[in-house]
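Asks: data.tsv (TSV, C-alpha atoms (C1' of nucleotides)) pasted underneath:
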```tsv
chain	number	residue	atom	x	y	z
A	1	MET	CA	-19.82	-2.52	19.24
A	2	VAL	CA	-17.58	-0.22	17.34
A	3	LYS	CA	-14.42	-2.04	18.17
A	4	ARG	CA	-12.48	-3.91	15.55
A	5	THR	CA	-14.42	-7.13	15.15
A	6	SER	CA	-12.84	-10.17	16.71
A	7	PHE	CA	-13.28	-13.70	15.43
A	8	GLU	CA	-12.18	-15.31	18.63
A	9	LYS	CA	-15.57	-16.87	19.16
A	10	ASP	CA	-16.18	-17.72	15.55
A	11	ASP	CA	-16.60	-21.38	14.77
A	12	CYS	CA	-14.56	-21.14	11.59
A	13	PRO	CA	-10.96	-22.15	12.14
A	14	ILE	CA	-9.77	-19.81	9.42
A	15	ALA	CA	-11.31	-16.87	11.21
A	16	ARG	CA	-9.79	-18.08	14.46
A	17	SER	CA	-6.35	-18.22	12.93
A	18	LEU	CA	-6.77	-14.80	11.44
A	19	ASP	CA	-7.82	-13.51	14.80
A	20	ALA	CA	-4.60	-14.81	16.31
A	21	ILE	CA	-2.00	-14.06	13.67
A	22	GLY	CA	-3.94	-12.47	10.85
A	23	ASP	CA	-2.30	-9.11	10.94
A	24	TRP	CA	0.69	-8.19	8.88
A	25	TRP	CA	3.19	-7.70	11.65
A	26	SER	CA	2.46	-10.85	13.60
A	27	MET	CA	2.97	-12.97	10.53
A	28	LEU	CA	6.20	-11.19	9.66
A	29	ILE	CA	7.48	-11.42	13.22
A	30	ILE	CA	6.96	-15.17	13.08
A	31	ARG	CA	8.71	-15.25	9.73
A	32	GLU	CA	11.69	-13.49	11.25
A	33	ALA	CA	11.62	-15.78	14.27
A	34	LEU	CA	11.65	-18.84	12.02
A	35	PHE	CA	14.63	-17.29	10.38
A	36	GLY	CA	16.43	-17.18	13.70
A	37	ARG	CA	15.79	-13.75	15.09
A	38	ARG	CA	15.08	-13.62	18.80
A	39	ARG	CA	15.78	-10.21	20.24
A	40	PHE	CA	13.51	-7.19	20.39
A	41	GLY	CA	16.07	-5.09	18.60
A	42	GLU	CA	16.57	-7.68	15.89
A	43	PHE	CA	12.89	-7.76	15.09
A	44	GLN	CA	12.67	-4.01	15.17
A	45	LYS	CA	15.57	-3.44	12.86
A	46	SER	CA	14.80	-6.16	10.38
A	47	LEU	CA	11.12	-5.30	10.08
A	48	GLY	CA	11.41	-1.57	10.53
A	49	LEU	CA	8.21	-1.30	12.49
A	50	ALA	CA	7.53	1.14	15.31
A	51	LYS	CA	8.75	-0.07	18.65
A	52	ASN	CA	5.44	0.43	20.40
A	53	ILE	CA	3.71	-1.77	17.85
A	54	LEU	CA	6.40	-4.39	18.18
A	55	THR	CA	5.91	-4.33	21.93
A	56	VAL	CA	2.20	-4.94	21.59
A	57	ARG	CA	2.59	-7.67	18.99
A	58	LEU	CA	5.29	-9.54	20.86
A	59	ARG	CA	3.19	-9.43	23.98
A	60	SER	CA	0.20	-10.81	22.10
A	61	LEU	CA	2.23	-13.58	20.52
A	62	VAL	CA	3.65	-14.56	23.90
A	63	ASP	CA	0.17	-14.48	25.44
A	64	GLN	CA	-1.06	-16.81	22.76
A	65	GLY	CA	1.77	-19.26	23.24
A	66	ILE	CA	3.29	-18.62	19.85
A	67	LEU	CA	6.44	-17.11	21.27
A	68	LYS	CA	7.92	-17.64	24.69
A	69	LEU	CA	10.32	-15.52	26.68
A	70	ALA	CA	13.63	-17.03	27.64
A	71	PRO	CA	16.80	-15.66	29.16
A	72	ALA	CA	19.15	-14.43	26.48
A	73	SER	CA	21.45	-17.09	25.14
A	74	ASP	CA	24.45	-14.77	25.29
A	75	GLY	CA	24.39	-14.69	29.09
A	76	SER	CA	23.22	-11.09	29.35
A	77	ALA	CA	20.33	-10.05	31.55
A	78	TYR	CA	18.09	-9.44	28.54
A	79	GLN	CA	15.42	-11.78	27.28
A	80	GLU	CA	14.78	-13.50	24.01
A	81	TYR	CA	11.62	-14.37	22.16
A	82	LEU	CA	11.64	-17.99	21.05
A	83	LEU	CA	9.12	-19.85	18.94
A	84	THR	CA	7.04	-22.49	20.60
A	85	PRO	CA	5.80	-25.54	18.66
A	86	LYS	CA	2.61	-23.57	18.01
A	87	GLY	CA	4.75	-20.82	16.54
A	88	ARG	CA	6.76	-23.18	14.38
A	89	GLY	CA	3.42	-24.59	13.22
A	90	VAL	CA	2.86	-21.36	11.33
A	91	PHE	CA	5.49	-22.41	8.83
A	92	PRO	CA	3.07	-23.97	6.32
A	93	ILE	CA	0.99	-20.80	6.32
A	94	LEU	CA	4.04	-18.76	5.44
A	95	VAL	CA	5.00	-21.22	2.73
A	96	ALA	CA	1.50	-21.00	1.30
A	97	LEU	CA	1.66	-17.21	1.29
A	98	ARG	CA	5.05	-17.31	-0.36
A	99	GLN	CA	3.98	-19.73	-3.05
A	100	TRP	CA	0.85	-17.78	-3.83
A	101	SER	CA	2.95	-14.72	-4.46
A	102	GLU	CA	5.46	-16.70	-6.50
A	103	GLU	CA	2.70	-18.06	-8.68
A	104	PHE	CA	0.40	-15.08	-9.09
A	105	ASP	CA	2.27	-11.90	-8.31
A	106	VAL	CA	2.17	-9.32	-11.06
A	107	HIS	CA	5.86	-8.59	-10.58
A	108	PRO	CA	7.43	-11.92	-9.70
A	109	GLU	CA	10.80	-10.64	-10.86
A	110	GLU	CA	10.93	-8.48	-7.74
A	111	ILE	CA	11.02	-11.53	-5.53
A	112	THR	CA	14.63	-12.07	-4.62
A	113	THR	CA	14.63	-15.31	-2.70
A	114	VAL	CA	13.73	-18.94	-3.25
A	115	LEU	CA	12.78	-21.45	-0.60
A	116	VAL	CA	15.03	-24.43	-1.05
A	117	ASP	CA	15.52	-27.83	0.44
A	118	LYS	CA	18.58	-27.48	2.67
A	119	GLN	CA	19.93	-30.85	1.73
A	120	SER	CA	19.92	-30.48	-2.03
A	121	GLY	CA	19.80	-26.72	-2.32
A	122	ARG	CA	17.02	-27.06	-4.85
A	123	PRO	CA	13.63	-25.31	-4.72
A	124	VAL	CA	10.88	-27.05	-2.82
A	125	ARG	CA	7.73	-28.34	-4.48
A	126	LYS	CA	4.38	-26.69	-4.12
A	127	LEU	CA	2.45	-27.50	-0.99
A	128	GLU	CA	0.22	-30.46	-1.63
A	129	LEU	CA	-3.09	-31.47	-0.15
A	130	TYR	CA	-3.91	-35.15	-0.13
A	131	SER	CA	-6.90	-37.27	0.70
A	132	GLU	CA	-6.56	-40.02	3.22
A	133	ASP	CA	-5.77	-42.43	0.41
A	134	ARG	CA	-3.24	-40.05	-1.09
A	135	ARG	CA	-5.10	-38.57	-3.99
A	136	LEU	CA	-3.94	-35.02	-4.70
A	137	LEU	CA	-6.79	-32.61	-3.96
A	138	GLY	CA	-7.68	-29.19	-5.31
A	139	ALA	CA	-10.18	-26.72	-3.91
A	140	GLY	CA	-12.98	-28.28	-5.94
A	141	ASP	CA	-12.31	-31.74	-4.59
A	142	THR	CA	-13.05	-30.74	-1.05
A	143	ALA	CA	-16.12	-29.90	0.97
A	144	LEU	CA	-16.93	-28.88	4.51
A	145	LYS	CA	-18.74	-31.21	6.81
A	146	PRO	CA	-20.11	-30.39	10.26
A	147	ARG	CA	-17.79	-31.86	12.81
A	148	PRO	CA	-19.19	-34.95	14.45
A	149	GLY	CA	-20.04	-34.15	18.01
A	150	SER	CA	-20.45	-30.42	17.49
A	151	LYS	CA	-24.07	-29.71	18.23
A	152	ARG	CA	-23.81	-26.05	17.36
A	153	ALA	CA	-25.13	-26.50	13.83
A	154	ARG	CA	-24.37	-22.98	12.79
A	155	ARG	CA	-23.71	-21.56	9.37
A	156	VAL	CA	-21.41	-23.86	7.45
A	157	SER	CA	-18.68	-21.91	5.79
A	158	ALA	CA	-15.38	-22.65	4.17
B	1	MET	CA	5.54	8.63	6.41
B	2	VAL	CA	2.65	8.20	8.71
B	3	LYS	CA	0.61	6.11	6.36
B	4	ARG	CA	-0.04	2.47	7.02
B	5	THR	CA	3.08	0.72	5.76
B	6	SER	CA	2.75	-1.12	2.51
B	7	PHE	CA	4.82	-4.12	1.49
B	8	GLU	CA	4.07	-3.77	-2.16
B	9	LYS	CA	7.69	-3.05	-2.97
B	10	ASP	CA	9.14	-5.52	-0.52
B	11	ASP	CA	11.21	-8.27	-2.02
B	12	CYS	CA	9.76	-10.89	0.31
B	13	PRO	CA	6.90	-12.81	-1.28
B	14	ILE	CA	5.25	-13.35	2.06
B	15	ALA	CA	5.09	-9.63	2.64
B	16	ARG	CA	3.77	-9.16	-0.86
B	17	SER	CA	0.99	-11.65	-0.28
B	18	LEU	CA	0.12	-10.04	2.99
B	19	ASP	CA	-0.01	-6.71	1.27
B	20	ALA	CA	-2.55	-8.09	-1.19
B	21	ILE	CA	-4.78	-10.27	0.96
B	22	GLY	CA	-3.32	-10.03	4.43
B	23	ASP	CA	-6.24	-8.40	6.09
B	24	TRP	CA	-8.98	-10.27	7.82
B	25	TRP	CA	-11.83	-9.42	5.53
B	26	SER	CA	-10.12	-10.08	2.22
B	27	MET	CA	-9.18	-13.56	3.30
B	28	LEU	CA	-12.68	-14.28	4.55
B	29	ILE	CA	-14.27	-12.88	1.42
B	30	ILE	CA	-12.18	-15.27	-0.63
B	31	ARG	CA	-13.18	-18.08	1.70
B	32	GLU	CA	-16.81	-17.26	1.09
B	33	ALA	CA	-16.23	-17.00	-2.64
B	34	LEU	CA	-14.59	-20.41	-2.69
B	35	PHE	CA	-17.66	-21.62	-0.93
B	36	GLY	CA	-19.80	-20.36	-3.76
B	37	ARG	CA	-20.94	-16.92	-2.73
B	38	ARG	CA	-20.93	-14.34	-5.47
B	39	ARG	CA	-23.24	-11.47	-4.70
B	40	PHE	CA	-22.57	-8.35	-2.65
B	41	GLY	CA	-25.46	-9.11	-0.37
B	42	GLU	CA	-24.37	-12.69	0.15
B	43	PHE	CA	-20.94	-11.61	1.30
B	44	GLN	CA	-22.38	-8.93	3.48
B	45	LYS	CA	-24.85	-11.18	5.22
B	46	SER	CA	-22.59	-14.15	5.67
B	47	LEU	CA	-19.65	-12.16	6.97
B	48	GLY	CA	-21.59	-9.48	8.79
B	49	LEU	CA	-19.18	-6.73	7.85
B	50	ALA	CA	-20.05	-3.13	7.18
B	51	LYS	CA	-21.14	-2.46	3.64
B	52	ASN	CA	-18.69	0.35	3.07
B	53	ILE	CA	-15.81	-1.91	4.07
B	54	LEU	CA	-17.11	-4.66	1.84
B	55	THR	CA	-17.30	-2.21	-1.03
B	56	VAL	CA	-13.67	-1.21	-0.56
B	57	ARG	CA	-12.47	-4.78	-0.18
B	58	LEU	CA	-14.32	-6.11	-3.19
B	59	ARG	CA	-12.97	-3.27	-5.28
B	60	SER	CA	-9.44	-4.01	-4.15
B	61	LEU	CA	-9.81	-7.72	-4.84
B	62	VAL	CA	-11.15	-6.99	-8.31
B	63	ASP	CA	-8.34	-4.52	-8.95
B	64	GLN	CA	-5.82	-7.15	-8.03
B	65	GLY	CA	-7.33	-9.76	-10.30
B	66	ILE	CA	-8.45	-12.00	-7.46
B	67	LEU	CA	-12.14	-11.50	-8.18
B	68	LYS	CA	-13.73	-10.46	-11.42
B	69	LEU	CA	-17.10	-8.90	-12.09
B	70	ALA	CA	-19.54	-10.78	-14.25
B	71	PRO	CA	-23.18	-10.32	-15.13
B	72	ALA	CA	-25.40	-12.09	-12.63
B	73	SER	CA	-26.04	-15.70	-13.48
B	74	ASP	CA	-29.75	-15.35	-12.70
B	75	GLY	CA	-30.27	-13.02	-15.64
B	76	SER	CA	-30.86	-9.93	-13.54
B	77	ALA	CA	-29.09	-6.66	-14.23
B	78	TYR	CA	-26.94	-7.05	-11.13
B	79	GLN	CA	-23.35	-8.21	-11.12
B	80	GLU	CA	-21.54	-11.03	-9.45
B	81	TYR	CA	-18.06	-11.36	-8.03
B	82	LEU	CA	-16.34	-14.46	-9.31
B	83	LEU	CA	-12.98	-15.90	-8.37
B	84	THR	CA	-10.22	-15.80	-10.94
B	85	PRO	CA	-7.52	-18.48	-11.04
B	86	LYS	CA	-5.44	-16.16	-8.86
B	87	GLY	CA	-8.30	-16.09	-6.39
B	88	ARG	CA	-8.72	-19.84	-6.38
B	89	GLY	CA	-4.97	-20.03	-5.81
B	90	VAL	CA	-5.57	-18.72	-2.30
B	91	PHE	CA	-7.08	-22.06	-1.35
B	92	PRO	CA	-3.87	-23.55	0.07
B	93	ILE	CA	-3.40	-20.50	2.27
B	94	LEU	CA	-6.86	-20.96	3.71
B	95	VAL	CA	-6.23	-24.66	4.24
B	96	ALA	CA	-2.98	-23.84	6.03
B	97	LEU	CA	-4.77	-21.34	8.27
B	98	ARG	CA	-7.49	-23.86	9.00
B	99	GLN	CA	-5.07	-26.63	9.85
B	100	TRP	CA	-3.02	-24.42	12.11
B	101	SER	CA	-6.12	-23.63	14.09
B	102	GLU	CA	-7.17	-27.26	14.15
B	103	GLU	CA	-3.80	-28.28	15.49
B	104	PHE	CA	-2.97	-25.52	17.93
B	105	ASP	CA	-6.15	-23.70	18.92
B	106	VAL	CA	-6.75	-23.54	22.65
B	107	HIS	CA	-10.41	-24.35	22.14
B	108	PRO	CA	-10.51	-26.78	19.22
B	109	GLU	CA	-13.87	-28.06	20.38
B	110	GLU	CA	-15.40	-24.80	19.19
B	111	ILE	CA	-14.49	-25.60	15.61
B	112	THR	CA	-17.61	-26.99	14.03
B	113	THR	CA	-16.50	-28.05	10.58
B	114	VAL	CA	-14.05	-30.44	8.99
B	115	LEU	CA	-12.52	-30.15	5.55
B	116	VAL	CA	-13.16	-33.43	3.78
B	117	ASP	CA	-12.35	-35.04	0.51
B	118	LYS	CA	-15.54	-34.82	-1.52
B	119	GLN	CA	-15.17	-38.24	-2.98
B	120	SER	CA	-14.74	-40.22	0.20
B	121	GLY	CA	-16.21	-37.79	2.69
B	122	ARG	CA	-13.19	-38.30	4.92
B	123	PRO	CA	-10.99	-35.59	6.37
B	124	VAL	CA	-8.07	-34.45	4.26
B	125	ARG	CA	-4.46	-34.92	5.30
B	126	LYS	CA	-2.25	-32.14	6.50
B	127	LEU	CA	-0.66	-29.99	3.84
B	128	GLU	CA	2.69	-31.42	2.94
B	129	LEU	CA	5.84	-29.80	1.67
B	130	TYR	CA	8.16	-31.92	-0.41
B	131	SER	CA	11.61	-31.59	-1.85
B	132	GLU	CA	12.11	-32.11	-5.53
B	133	ASP	CA	12.89	-35.77	-4.89
B	134	ARG	CA	9.85	-36.14	-2.66
B	135	ARG	CA	11.31	-36.04	0.78
B	136	LEU	CA	8.84	-34.54	3.28
B	137	LEU	CA	10.21	-31.24	4.56
B	138	GLY	CA	9.73	-29.33	7.81
B	139	ALA	CA	10.68	-25.74	8.55
B	140	GLY	CA	14.14	-26.78	9.64
B	141	ASP	CA	14.83	-28.64	6.43
B	142	THR	CA	14.51	-25.54	4.33
B	143	ALA	CA	16.55	-22.43	3.72
B	144	LEU	CA	16.29	-19.29	1.66
B	145	LYS	CA	18.56	-18.70	-1.24
B	146	PRO	CA	18.90	-15.53	-3.28
B	147	ARG	CA	17.08	-16.03	-6.50
B	148	PRO	CA	19.43	-16.56	-9.41
B	149	GLY	CA	19.30	-13.54	-11.64
B	150	SER	CA	18.13	-11.14	-8.97
B	151	LYS	CA	20.94	-8.67	-8.57
B	152	ARG	CA	19.26	-6.79	-5.76
B	153	ALA	CA	21.15	-8.57	-3.00
B	154	ARG	CA	19.06	-7.12	-0.22
B	155	ARG	CA	18.34	-8.47	3.18
B	156	VAL	CA	17.62	-12.16	3.03
B	157	SER	CA	14.63	-13.03	5.13
B	158	ALA	CA	12.30	-15.92	5.50
C	1	DG	C1'	33.30	2.69	39.62
C	2	DC	C1'	31.40	5.83	36.74
C	3	DA	C1'	30.28	8.07	32.34
C	4	DA	C1'	28.58	6.79	27.85
C	5	DC	C1'	26.26	3.81	24.98
C	6	DT	C1'	22.97	-0.06	24.03
C	7	DT	C1'	18.76	-2.41	24.78
C	8	DG	C1'	14.12	-2.60	25.42
C	9	DG	C1'	10.83	-0.53	26.01
C	10	DT	C1'	6.69	3.70	27.25
C	11	DT	C1'	4.37	8.05	26.09
C	12	DT	C1'	2.43	11.44	23.10
C	13	DA	C1'	0.17	13.22	19.36
C	14	DA	C1'	-1.02	12.89	14.48
C	15	DT	C1'	-3.01	10.25	10.73
C	16	DA	C1'	-5.34	6.26	8.80
C	17	DA	C1'	-8.52	2.40	9.03
C	18	DT	C1'	-12.72	0.48	10.78
C	19	DG	C1'	-17.47	0.29	12.17
C	20	DC	C1'	-22.26	1.73	12.39
C	21	DA	C1'	-26.15	3.92	10.85
C	22	DA	C1'	-28.57	6.70	7.79
C	23	DC	C1'	-29.32	7.73	3.23
C	24	DC	C1'	-30.06	6.92	-1.79
C	25	DA	C1'	-30.43	5.31	-6.62
C	26	DT	C1'	-31.56	1.48	-9.40
C	27	DC	C1'	-33.74	-3.06	-10.19
C	28	DG	C1'	-37.46	-6.37	-9.92
C	29	DG	C1'	-41.88	-8.04	-8.94
C	30	DA	C1'	-46.94	-7.52	-8.17
D	1	DT	C1'	-46.87	2.24	-10.56
D	2	DC	C1'	-45.75	1.33	-6.07
D	3	DC	C1'	-42.85	-1.11	-2.84
D	4	DG	C1'	-39.32	-3.97	-1.28
D	5	DA	C1'	-34.65	-5.78	-2.32
D	6	DT	C1'	-30.06	-4.86	-4.00
D	7	DG	C1'	-25.89	-2.50	-4.00
D	8	DG	C1'	-23.99	0.74	-2.81
D	9	DT	C1'	-22.34	6.01	-0.65
D	10	DT	C1'	-21.81	9.40	3.09
D	11	DG	C1'	-20.86	11.13	7.72
D	12	DC	C1'	-19.30	10.57	12.06
D	13	DA	C1'	-17.38	8.13	16.13
D	14	DT	C1'	-13.97	4.88	17.66
D	15	DT	C1'	-9.83	2.26	17.27
D	16	DA	C1'	-5.30	1.17	15.28
D	17	DT	C1'	-1.00	2.48	13.42
D	18	DT	C1'	2.77	5.42	13.12
D	19	DA	C1'	6.96	8.35	14.07
D	20	DA	C1'	9.40	10.61	17.37
D	21	DA	C1'	10.69	11.85	21.81
D	22	DC	C1'	11.70	10.15	26.14
D	23	DC	C1'	13.37	6.89	29.79
D	24	DA	C1'	15.23	3.23	32.87
D	25	DA	C1'	18.01	-0.66	33.30
D	26	DG	C1'	22.06	-3.28	31.46
D	27	DT	C1'	26.58	-3.20	29.53
D	28	DT	C1'	31.07	-1.37	28.19
D	29	DG	C1'	35.28	1.34	28.12
D	30	DC	C1'	38.60	3.04	30.86
```
Could you take the file, read its structure, and then write that structure out as structure tokens?

Replies:
Amino acid sequence: MVKRTSFEKDDCPIARSLDAIGDWWSMLIIREALFGRRRFGEFQKSLGLAKNILTVRLRSLVDQGILKLAPASDGSAYQEYLLTPKGRGVFPILVALRQWSEEFDVHPEEITTVLVDKQSGRPVRKLELYSEDRRLLGAGDTALKPRPGSKRARRVSA
Amino acid sequence: MVKRTSFEKDDCPIARSLDAIGDWWSMLIIREALFGRRRFGEFQKSLGLAKNILTVRLRSLVDQGILKLAPASDGSAYQEYLLTPKGRGVFPILVALRQWSEEFDVHPEEITTVLVDKQSGRPVRKLELYSEDRRLLGAGDTALKPRPGSKRARRVSA
DNA sequence: GCAACTTGGTTTAATAATGCAACCATCGGA
DNA sequence: TCCGATGGTTGCATTATTAAACCAAGTTGC
């Protein structure tokens, strides 16, 4: 195979996510959608990507159930791309990406926006990972276990 | 420009992160590194990617301060690729990717591993986003504000 | 109701990225 | 010192991305 490798059949959920939305444009399209954009032209103008690429990406996102097509809300005959619950579920990934940049970027001063809590207008906290009994966990506090019931005892990876 | 678009100069931190680690292999290399792999050959075998690509990716990750080269821990003349704090900071992104797949994948039964708390051996909770005063926040509870001090009032995007 | 503009694409052709396989220099072990 | 393992590099084929031109249907002005 000389084709771009696909992780669709990989048993690692990270690889599976990357296979679905792990390219730059898909992630940014979802970002724009979360921000309220819905129309082909809106995505195209705000992201500045080529229209043929946008076409392909939107189609893929719809196929995967991340976006869905709906009649335009302004009554015109055009269609809109709306986020499904699966699409809205990408939000934490985007927050994680944002916070990584905020914390480690070499030029943080070039970042012009802050994610705030709507109610108070104040910046949100960092994403937190907890154990079942609510201890805060870092990377070193976690491990991977084979999933009970999965007989395919393949390579165990993070 | 006909070159692959870069988001290096974009003011959106999500785009900046994607520019740094937003390709499939970089993310997976970091995943492997978090899981303890350090040597060129280890990455190559576990990920099954072409060696020339691995070379390029490792170099880029080192250049960005995500990995650093160190003399091999086994005393040989070879070198190892170790995560820097910036590299370990990618952990929440990987967790977010994992959890998205766990929650929304069409074939969740193909996922063979669970991320557990080392201490108890039990699965971790979902990543949580809190406001400053510890209210749990969803996508709809947040907004983007221009960063105080940033005069470049450009397009505000998620 | 019809010309002009907008929207939402498709097509084409060039350039860049990816993948595979073959090659190669150095290291390590017997 | 020979031979395999390690850590790459090189060359070539395939695929992806891009900009730009083109196009058909929907909408608007008049």

Asks: Residues of chain C were defined as contacting chain A if any atom lay at most 7 Å from it, counting only C-alpha atoms (C1' of nucleotides); please report them as a list in words.

Replies: DG8, DT18 and DG19 of chain C

Asks: Looking at B:His107, B:Arg59, B:Lys118, B:Arg31, which one is nearest to chain D, with distances taken over all atoms listed in the file?

Replies: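 Checking each of B:His107, B:Arg59, B:Lys118, B:Arg31 against chain D, counting all atoms listed in the file, the winner is B:Arg59.
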
Asks: As a ChimeraX atom specification, please: the residues near Val56 (chain A) (cut-off 12 Å, only C-alpha atoms (C1' of nucleotides), same-chain neighbours under 6 positions excluded).

Replies: /A:25-26,29,40,49-50,62-63 /C:9-10 /D:16-17

Asks: Can you write just those residues out, C-alpha atoms (C1' of nucleotides), as an mmCIF file, in the coordinates of the input?

Replies:
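Output contents, as saved in selection-v7.cif:
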```
data_model
loop_
_atom_site.group_PDB
_atom_site.id
_atom_site.type_symbol
_atom_site.label_atom_id
_atom_site.label_comp_id
_atom_site.auth_asym_id
_atom_site.auth_seq_id
_atom_site.Cartn_x
_atom_site.Cartn_y
_atom_site.Cartn_z
ATOM 1 C CA TRP A 25 3.190 -7.700 11.650
ATOM 2 C CA SER A 26 2.460 -10.850 13.600
ATOM 3 C CA ILE A 29 7.480 -11.420 13.220
ATOM 4 C CA PHE A 40 13.510 -7.190 20.390
ATOM 5 C CA LEU A 49 8.210 -1.300 12.490
ATOM 6 C CA ALA A 50 7.530 1.140 15.310
ATOM 7 C CA VAL A 62 3.650 -14.560 23.900
ATOM 8 C CA ASP A 63 0.170 -14.480 25.440
ATOM 9 C "C1'" DG C 9 10.830 -0.530 26.010
ATOM 10 C "C1'" DT C 10 6.690 3.700 27.250
ATOM 11 C "C1'" DA D 16 -5.300 1.170 15.280
ATOM 12 C "C1'" DT D 17 -1.000 2.480 13.420
#
```

Asks: Need the axis-aligned box for region 10-26 of chain D with 5 Å each side, so what are the centre and edges in Å to one decimal, as JSON?

Replies:
```
{"center_x": 0.1, "center_y": 4.3, "center_z": 18.2, "size_x": 53.9, "size_y": 25.1, "size_z": 40.2}
```

Asks: For Ala15 (chain A), which of B:Leu34, B:Leu47, B:Ile53, B:Leu115 is the closest residue, counting all atoms listed in the file?

Replies: B:Leu47

Asks: Find the distance between CA of Arg88 (chain B) and CA of Pro13 (chain B) and write it in Å to one decimal.

Replies: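 Calculated distance between CA of Arg88 (chain B) and CA of Pro13 (chain B) is 17.9 Å.
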
Asks: Write out as a list in words every residue belonging to chain D that has an atom at most 12 Å from any atom of chain B, counting only C-alpha atoms (C1' of nucleotides).

Replies: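 Residues passing the distance filter: DA5, DT6, DG7, DG8, DT9, DT10, DG11, DA16, DT17, DT18, DA19 and DA20 of chain D.
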
Asks: Could you list as a list in words every residue that has an atom within 9 Å of (1.5, -12.4, -3.0), using the file's coordinates and counting all atoms listed in the file?

Replies: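 It turns out the residues near that spot are Leu97, Arg98, Gln99, Trp100, Ser101, Glu102, Glu103, Phe104, Asp105, Val106 and Pro108 of chain A; Pro13, Ile14, Ala15, Arg16, Ser17, Leu18, Asp19, Ala20 and Ile21 of chain B.
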
Asks: Neighbouring residues of region 80-86 of chain A were defined as those with any atom within 8 Å, considering all atoms listed in the file; residues of the same chain fewer than 3 positions away were excluded. Please report them as JSON, numbers by chain.

Replies: {"A": [30, 33, 34, 38, 39, 40, 65, 66, 67, 68, 69, 70, 71, 72, 73, 89, 90], "B": [104]}

Asks: Between A:Gly121, A:Gly138, A:Ile93, A:Leu58, which one has atoms that come closest to chain B, using all atoms listed in the file?

Replies: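 Between A:Gly121, A:Gly138, A:Ile93, A:Leu58, the residue approaching chain B most closely is A:Ile93.
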
Asks: One decimal, in Å: what's the spacing between CA of Pro123 (chain A) and CA of Asp117 (chain B)?

Replies: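 It comes out at 28.2 Å.
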
Asks: Output as an mmCIF file, in the coordinates of the input: region 60-70 of chain A, completed with N, CA, C and O atoms.

Replies:
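Contents of part_35.cif, as written:
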```
data_model
loop_
_atom_site.group_PDB
_atom_site.id
_atom_site.type_symbol
_atom_site.label_atom_id
_atom_site.label_comp_id
_atom_site.auth_asym_id
_atom_site.auth_seq_id
_atom_site.Cartn_x
_atom_site.Cartn_y
_atom_site.Cartn_z
ATOM 1 N N SER A 60 1.335 -9.994 22.534
ATOM 2 C CA SER A 60 0.200 -10.810 22.100
ATOM 3 C C SER A 60 0.644 -12.205 21.681
ATOM 4 O O SER A 60 -0.002 -13.207 21.998
ATOM 5 N N LEU A 61 1.752 -12.272 20.977
ATOM 6 C CA LEU A 61 2.230 -13.580 20.520
ATOM 7 C C LEU A 61 2.664 -14.441 21.708
ATOM 8 O O LEU A 61 2.442 -15.657 21.720
ATOM 9 N N VAL A 62 3.269 -13.811 22.699
ATOM 10 C CA VAL A 62 3.650 -14.560 23.900
ATOM 11 C C VAL A 62 2.388 -15.028 24.629
ATOM 12 O O VAL A 62 2.286 -16.193 25.024
ATOM 13 N N ASP A 63 1.414 -14.128 24.758
ATOM 14 C CA ASP A 63 0.170 -14.480 25.440
ATOM 15 C C ASP A 63 -0.516 -15.671 24.780
ATOM 16 O O ASP A 63 -1.148 -16.490 25.429
ATOM 17 N N GLN A 64 -0.394 -15.742 23.487
ATOM 18 C CA GLN A 64 -1.060 -16.810 22.760
ATOM 19 C C GLN A 64 -0.238 -18.096 22.689
ATOM 20 O O GLN A 64 -0.651 -19.069 22.062
ATOM 21 N N GLY A 65 0.945 -18.054 23.262
ATOM 22 C CA GLY A 65 1.770 -19.260 23.240
ATOM 23 C C GLY A 65 2.430 -19.519 21.905
ATOM 24 O O GLY A 65 2.762 -20.651 21.566
ATOM 25 N N ILE A 66 2.619 -18.474 21.143
ATOM 26 C CA ILE A 66 3.290 -18.620 19.850
ATOM 27 C C ILE A 66 4.776 -18.327 20.006
ATOM 28 O O ILE A 66 5.623 -18.961 19.396
ATOM 29 N N LEU A 67 5.061 -17.360 20.850
ATOM 30 C CA LEU A 67 6.440 -17.110 21.270
ATOM 31 C C LEU A 67 6.519 -17.339 22.769
ATOM 32 O O LEU A 67 5.513 -17.259 23.472
ATOM 33 N N LYS A 68 7.708 -17.613 23.237
ATOM 34 C CA LYS A 68 7.920 -17.640 24.690
ATOM 35 C C LYS A 68 9.177 -16.873 25.030
ATOM 36 O O LYS A 68 10.108 -16.796 24.240
ATOM 37 N N LEU A 69 9.163 -16.285 26.224
ATOM 38 C CA LEU A 69 10.320 -15.520 26.680
ATOM 39 C C LEU A 69 11.316 -16.464 27.327
ATOM 40 O O LEU A 69 10.946 -17.378 28.062
ATOM 41 N N ALA A 70 12.575 -16.228 27.026
ATOM 42 C CA ALA A 70 13.630 -17.030 27.640
ATOM 43 C C ALA A 70 14.805 -16.118 27.924
ATOM 44 O O ALA A 70 14.964 -15.093 27.265
#
```
